[in-house]
Amino acid sequence: LNVLVGPVLEVAAYGQAPQTLLAPLCGLDVLWNILLVPYTLGEIPSGMQIAGCFLLVAGTALTAACGPHSEPPYTLDVMRERLLTDSALTYISIEVVLFIAGFLYIQRRPFGNRRRGLVLGCVAGGIGGNLFCMKAAASLISGSWSGGLPYVLHVWTEDPLPLLVTACAGLIGIVSAVLLARAMREFEATVMVATYEGAFVISGCASGIAVLGELDRLSPERRALYALGVFIVVGGVIAVQHGTLERALSPPVTPLPDEKYTNGHSSTLTPPTSSLVASVPLLKAVGGP
């Protein structure tokens, strides 16, 4: 259900609200995991995880309060103007250089190296967080839909830019998902999820600011508080997943011998597998940007 309905709802949301307002909400994925884990896995959240949940709520509330609450309608001219500004081209150029450097670093590190895993998770989240293409396409659809289906078709066929932006959005999602799947096969899923989510939130907010200019109309005070909220969200994600990793790496509980498992001699038989206490780590599956 999440794989099928989630992307549709995500595109619809980005067509109605600023990207910088929605990107920090991606950190709430791990919050829902912690809230549901007592009922799904029967585990009690640790103190670190509870503290991370409070950071997630506080950071998300701060970004929602200080971020942009409205945006002008998207047209083809607005899309072209925002995607081709000096700040947008500079941001895209820096991102490309960083991703190339990240890929080169990954290739030079051996399989299973922790630094390789950190860089791989950051690259996957950094690519996936570049939502400006999806945001521009979704907002253009939402803005042109009021004119009816013929007008939507006219807008999307008179210029190749909308189709090019949509293709880039799909490519970004596919590359990010492939890299994340590779990272989770090589390293602990809990660590990779935290790394991916943190890089995703930072990249999503940064691209909304640099490419789409969504904070240009805000005061310096609100910009500073918004940036603080973003880093609080990232800190909450790391805290929650760090607590999950500690639980996953803790030594298993060894059950005490029971008389009903003895055979009447000096040796003790192993209890049935069903009576052993297994510690199951919380794994979060991410289904793309």
# chains A, B, ... in the order shown; residues from 1 in each chain; ligands from 1
$ select_by_dssp --residues "range 88-267 of chain A" --states "alpha helix (DSSP H)" --output "ChimeraX atom specification"
/A:88-108,114-128,132-144,149-157,161-186,189-210,220-249
$ residues_around --residues "Ala101 in chain A" --least-positions-apart "5" --cutoff "12 Å" --atoms "only C-alpha atoms" --output "list in words"
Ile94, Glu95, Val96, Ile106, Gln107, Arg108, Val119, Leu120, Cys122 and Val123 of chain A
$ closest_residue --among "A:Asn33, A:Val234, A:Val97, A:Gly128" --to "Ile50 in chain A" --atoms "only C-alpha atoms"
A:Asn33
$ closest_residue --among "A:Ile174, A:Leu215, A:Cys168, A:Ile44" --to "Gly67 in chain A" --atoms "only C-alpha atoms"
A:Leu215
$ atom_distance --atom1 "CA of Val211 in chain A" --atom2 "CA of Ala12 in chain A"
20.1 Å
$ closest_atom_pairs --of "range 5-94 of chain A" --to "range 136-150 of chain A" --cutoff "8 Å" --atoms "only C-alpha atoms" --output "CSV"
residue,atom,partner,partner_atom,distance
A:Val11,CA,A:Ala138,CA,5.9
A:Ala12,CA,A:Ala138,CA,6.8
A:Tyr14,CA,A:Ala138,CA,6.3
A:Gly15,CA,A:Ser139,CA,4.0
A:Gln16,CA,A:Ser139,CA,6.8
A:Pro73,CA,A:Gly143,CA,6.0
A:Tyr74,CA,A:Leu140,CA,5.2
A:Thr75,CA,A:Leu140,CA,5.9
A:Leu76,CA,A:Leu140,CA,7.2
A:Met79,CA,A:Ala136,CA,6.5
$ closest_residue --among "A:Ala206, A:Lys135, A:Arg80, A:Leu118" --to "Pro160 in chain A" --atoms "only C-alpha atoms"
A:Arg80
$ closest_residue --among "A:Val5, A:Ala17, A:Ala227, A:Ile127" --to "Ile100 in chain A" --atoms "only C-alpha atoms"
A:Ile127
$ residues_around --residues "Arg185 in chain A" --least-positions-apart "6" --cutoff "10 Å" --atoms "only C-alpha atoms" --output "ChimeraX atom specification"
/A:112,179,192
$ closest_residue --among "A:Thr40, A:Asp29, A:Arg116, A:Ile172" --to "Val193 in chain A" --atoms "only C-alpha atoms"
A:Asp29
$ closest_residue --among "A:Cys26, A:Met184, A:Met48, A:Ser219" --to "Thr60 in chain A" --atoms "only C-alpha atoms"
A:Cys26
$ residues_around --residues "Ala88 in chain A" --least-positions-apart "4" --cutoff "12 Å" --atoms "only C-alpha atoms" --output "list in words"
Met79, Arg80, Glu81, Arg82, Leu83, Leu84, Ile92, Ser93, Ile94, Glu95, Asn130, Phe132, Cys133, Ala206, Ser207, Gly208, Ile209, Ala210, Val211, Leu212, Gly213 and Glu214 of chain A
